[in-house]
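Okay, model06.tsv is below, TSV, C-alpha atoms:
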chain	number	residue	atom	x	y	z
A	765	MET	CA	15.37	39.38	-39.64
A	766	LYS	CA	15.30	38.98	-35.85
A	767	SER	CA	12.57	36.39	-36.11
A	768	LEU	CA	14.61	34.44	-38.65
A	769	ILE	CA	17.62	34.40	-36.29
A	770	PHE	CA	15.38	33.37	-33.39
A	771	LEU	CA	13.88	30.59	-35.51
A	772	LEU	CA	17.33	29.39	-36.57
A	773	VAL	CA	18.67	29.41	-32.98
A	774	SER	CA	15.55	27.62	-31.73
A	775	THR	CA	15.86	24.95	-34.41
A	776	ILE	CA	19.52	24.36	-33.60
A	777	PHE	CA	18.77	24.19	-29.87
A	778	ILE	CA	15.92	21.71	-30.35
A	779	SER	CA	17.91	19.52	-32.73
A	780	CYS	CA	20.88	19.43	-30.33
A	781	SER	CA	18.91	18.40	-27.27
A	782	GLU	CA	19.19	14.80	-26.14
A	783	PRO	CA	16.25	12.48	-26.58
A	784	LYS	CA	14.46	11.52	-23.42
A	785	LYS	CA	16.00	8.49	-21.76
A	786	PHE	CA	14.10	5.64	-20.12
A	787	GLU	CA	15.67	6.54	-16.78
A	788	ASP	CA	14.29	10.08	-17.06
A	789	SER	CA	10.82	8.76	-17.77
A	790	TYR	CA	11.09	6.36	-14.85
A	791	LYS	CA	12.17	9.16	-12.50
A	792	GLU	CA	9.28	11.35	-13.67
A	793	THR	CA	6.82	8.49	-13.15
A	794	VAL	CA	8.09	7.79	-9.64
A	795	LEU	CA	8.01	11.49	-8.78
A	796	LEU	CA	4.43	11.81	-10.04
A	797	GLN	CA	3.43	8.71	-8.06
A	798	TYR	CA	5.09	10.17	-4.99
A	799	LEU	CA	3.33	13.51	-5.37
A	800	THR	CA	-0.09	11.93	-5.90
A	801	THR	CA	0.16	9.28	-3.20
A	802	VAL	CA	-1.50	9.85	0.14
A	803	ASN	CA	0.89	9.95	3.09
A	804	ALA	CA	-1.33	8.88	6.00
A	805	PRO	CA	-0.02	5.64	7.50
A	806	GLN	CA	-1.82	5.93	10.87
A	807	GLU	CA	-5.19	6.66	9.26
A	808	THR	CA	-4.79	3.98	6.60
A	809	CYS	CA	-3.74	1.43	9.22
A	810	GLU	CA	-6.84	2.23	11.27
A	811	SER	CA	-8.95	1.94	8.10
A	812	MET	CA	-7.43	-1.50	7.52
A	813	ILE	CA	-8.59	-2.62	10.99
A	814	THR	CA	-12.03	-1.03	10.46
A	815	ASN	CA	-12.48	-2.89	7.17
A	816	LYS	CA	-11.36	-6.15	8.78
A	817	ASP	CA	-13.98	-5.56	11.47
A	818	LEU	CA	-16.67	-4.94	8.84
A	819	CYS	CA	-15.88	-8.29	7.27
A	820	PHE	CA	-15.90	-10.12	10.60
A	821	LYS	CA	-19.16	-8.37	11.54
A	822	ALA	CA	-20.75	-9.52	8.27
A	823	TYR	CA	-19.77	-13.08	9.15
A	824	ALA	CA	-21.14	-12.75	12.70
A	825	ASP	CA	-24.40	-11.30	11.36
A	826	SER	CA	-24.72	-14.19	8.89
A	827	ILE	CA	-24.60	-16.76	11.70
A	828	GLY	CA	-26.63	-14.70	14.16
A	829	ALA	CA	-23.71	-13.96	16.48
A	830	THR	CA	-22.60	-10.67	17.96
A	831	PHE	CA	-19.35	-8.99	17.07
A	832	SER	CA	-17.62	-6.15	18.89
A	833	ASN	CA	-15.71	-3.74	16.71
A	834	THR	CA	-12.15	-2.92	17.68
A	835	THR	CA	-12.21	0.16	19.88
A	836	ALA	CA	-10.66	3.38	18.63
A	837	SER	CA	-7.98	3.28	21.32
A	838	ILE	CA	-6.97	-0.29	20.44
A	839	LYS	CA	-6.85	0.61	16.72
A	840	THR	CA	-4.65	3.60	17.50
A	841	LYS	CA	-2.33	1.56	19.73
A	842	THR	CA	-2.11	-1.35	17.26
A	843	CYS	CA	-1.20	1.01	14.45
A	844	GLN	CA	1.33	2.92	16.54
A	845	ASP	CA	2.95	-0.42	17.39
A	846	LEU	CA	2.98	-1.46	13.73
A	847	LEU	CA	4.53	1.85	12.63
A	848	THR	CA	7.35	1.48	15.16
A	849	ASN	CA	7.79	-2.22	14.34
A	850	PRO	CA	11.25	-2.90	12.83
A	851	LEU	CA	9.50	-4.09	9.69
A	852	TYR	CA	7.78	-0.75	9.05
A	853	LYS	CA	9.79	1.88	10.89
A	854	ASP	CA	12.38	2.40	8.14
A	855	MET	CA	9.76	2.68	5.41
A	856	SER	CA	8.58	6.08	4.23
A	857	GLY	CA	5.11	7.17	5.28
A	858	ILE	CA	3.96	6.74	1.69
A	859	ALA	CA	5.26	3.17	1.57
A	860	GLN	CA	3.59	2.39	4.90
A	861	THR	CA	0.34	3.89	3.62
A	862	CYS	CA	0.63	1.84	0.44
A	863	ALA	CA	1.17	-1.40	2.38
A	864	PHE	CA	-1.85	-0.77	4.61
A	865	ASP	CA	-3.99	0.37	1.69
A	866	CYS	CA	-3.37	-2.96	-0.06
A	867	GLN	CA	-4.97	-4.67	2.89
A	868	VAL	CA	-7.83	-2.13	3.10
A	869	THR	CA	-8.66	-2.97	-0.52
A	870	ASP	CA	-8.44	-6.71	0.19
A	871	TRP	CA	-10.88	-6.50	3.12
A	872	LYS	CA	-13.26	-4.23	1.18
A	873	THR	CA	-13.24	-6.69	-1.72
A	874	LYS	CA	-14.05	-9.59	0.61
A	875	THR	CA	-16.91	-7.64	2.22
A	876	ASN	CA	-18.36	-6.34	-1.06
A	877	SER	CA	-18.21	-9.75	-2.75
A	878	GLY	CA	-20.00	-11.50	0.12
A	879	ILE	CA	-17.06	-13.77	0.97
A	880	CYS	CA	-17.21	-12.55	4.57
A	881	THR	CA	-20.68	-13.97	5.07
A	882	LYS	CA	-19.68	-17.39	3.68
A	883	SER	CA	-16.37	-17.97	5.46
A	884	THR	CA	-15.36	-18.61	9.03
A	885	ILE	CA	-13.10	-16.21	10.92
A	886	PRO	CA	-10.07	-18.57	10.66
A	887	ALA	CA	-10.71	-18.94	6.90
A	888	LEU	CA	-10.94	-15.15	6.52
A	889	ILE	CA	-7.65	-14.69	8.37
A	890	GLU	CA	-6.02	-17.33	6.19
A	891	SER	CA	-7.39	-15.69	3.05
A	892	SER	CA	-5.93	-12.36	4.13
A	893	LEU	CA	-2.51	-13.98	4.56
A	894	THR	CA	-2.61	-15.67	1.15
A	895	SER	CA	-4.48	-13.06	-0.90
A	896	SER	CA	-2.79	-12.88	-4.29
A	897	SER	CA	-4.16	-9.39	-4.91
A	898	ALA	CA	-2.84	-8.08	-1.57
A	899	ILE	CA	0.53	-9.74	-2.15
A	900	SER	CA	0.76	-8.33	-5.67
A	901	CYS	CA	-0.22	-4.90	-4.36
A	902	LEU	CA	2.46	-5.05	-1.64
A	903	LYS	CA	5.06	-5.95	-4.25
A	904	SER	CA	4.04	-2.90	-6.27
A	905	CYS	CA	4.51	-0.71	-3.16
A	906	PHE	CA	8.14	-1.81	-3.07
A	907	ALA	CA	8.59	-1.72	-6.84
A	908	SER	CA	7.49	1.92	-7.01
A	909	THR	CA	10.51	2.80	-4.89
A	910	ASN	CA	12.73	0.66	-7.13
A	911	ASN	CA	13.16	-1.90	-4.35
A	912	GLN	CA	12.40	-5.57	-4.59
A	913	ILE	CA	11.01	-7.83	-1.93
A	914	SER	CA	11.16	-11.60	-1.86
A	915	ASN	CA	8.01	-13.70	-1.83
A	916	GLU	CA	9.02	-15.04	1.58
A	917	LYS	CA	9.08	-11.57	3.14
A	918	ILE	CA	5.74	-10.33	1.78
A	919	PRO	CA	3.58	-12.16	4.37
A	920	LEU	CA	5.50	-10.42	7.15
A	921	TYR	CA	3.80	-7.16	6.17
A	922	LEU	CA	0.27	-8.53	6.57
A	923	LEU	CA	-1.76	-7.51	9.60
A	924	PHE	CA	-2.40	-10.92	11.15
A	925	ASN	CA	1.22	-12.04	10.89
A	926	ASN	CA	2.24	-8.94	12.85
A	927	ILE	CA	-0.43	-9.49	15.48
A	928	GLN	CA	0.38	-13.22	15.83
A	929	HIS	CA	4.08	-12.54	16.33
A	930	GLY	CA	3.37	-9.76	18.82
A	931	GLU	CA	5.24	-7.23	16.76
Spell out the structure here as structure tokens.
Amino acid sequence: MKSLIFLLVSTIFISCSEPKKFEDSYKETVLLQYLTTVNAPQETCESMITNKDLCFKAYADSIGATFSNTTASIKTKTCQDLLTNPLYKDMSGIAQTCAFDCQVTDWKTKTNSGICTKSTIPALIESSLTSSSAISCLKSCFASTNNQISNEKIPLYLLFNNIQHGE
């Protein structure tokens, strides 16, 4: 008898519960993304510079030139400056990491595909500023926090634009 009452109460409770809303699913997805996303902006920024150097070194090697990697202290200083830059300072660490990781992936792709050995340094810089995959990735960093960013603002988050403007 007790099990019958329990079954009846359980059935009523289940049938009375609200169906899952889209907003609830979205919140769960964002929370899961947040919990599984690395929060290491300084390290990811330094990795971005390291991967840029690997690409530039591949180019230098292909033409028989020498290339000096960015020193650890300059990487650290550049990234500290970027993280305190007005553009990045109000972003969460996860969003900063995401933005830098987009560029890490872009440089790794260029190096792995051999583009670095076939392009000049100015062409590589230009390709980093116009990379559709990096731009799309940056947009997704903002979209995951339910924010939007205009196409005009995306290039501001790219490494060479920050260095060129001294920010």
> Looking at all atoms listed in the file, which of A:Asp865, A:Thr814, A:Cys880, A:Gly857 is the one that sits closest to Ala836 in chain A?
Replying inline: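 Selected residue with least distance to Ala836 in chain A: A:Thr814.
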Using only C-alpha atoms, what table do you get, as CSV, when you list each residue of range 838-877 of chain A with an atom no more than 12 Å from range 816-833 of chain A, its nearest pair of atoms, and their distance in Å rounded to one decimal, rows by chain then rising number?
residue,atom,partner,partner_atom,distance
A:Ile838,CA,A:Asn833,CA,10.1
A:Lys839,CA,A:Asn833,CA,9.9
A:Phe864,CA,A:Lys816,CA,11.7
A:Gln867,CA,A:Lys816,CA,8.8
A:Val868,CA,A:Lys816,CA,7.8
A:Thr869,CA,A:Lys816,CA,10.2
A:Asp870,CA,A:Lys816,CA,9.1
A:Trp871,CA,A:Lys816,CA,5.7
A:Lys872,CA,A:Cys819,CA,7.8
A:Thr873,CA,A:Cys819,CA,9.5
A:Lys874,CA,A:Cys819,CA,7.0
A:Thr875,CA,A:Cys819,CA,5.2
A:Asn876,CA,A:Cys819,CA,8.9
A:Ser877,CA,A:Cys819,CA,10.4
> Counting all atoms listed in the file, which of A:Ile899, A:Thr884, A:Leu923, A:Ala863 gets nearest to Asp845 in chain A?
Replying inline: A:Leu923
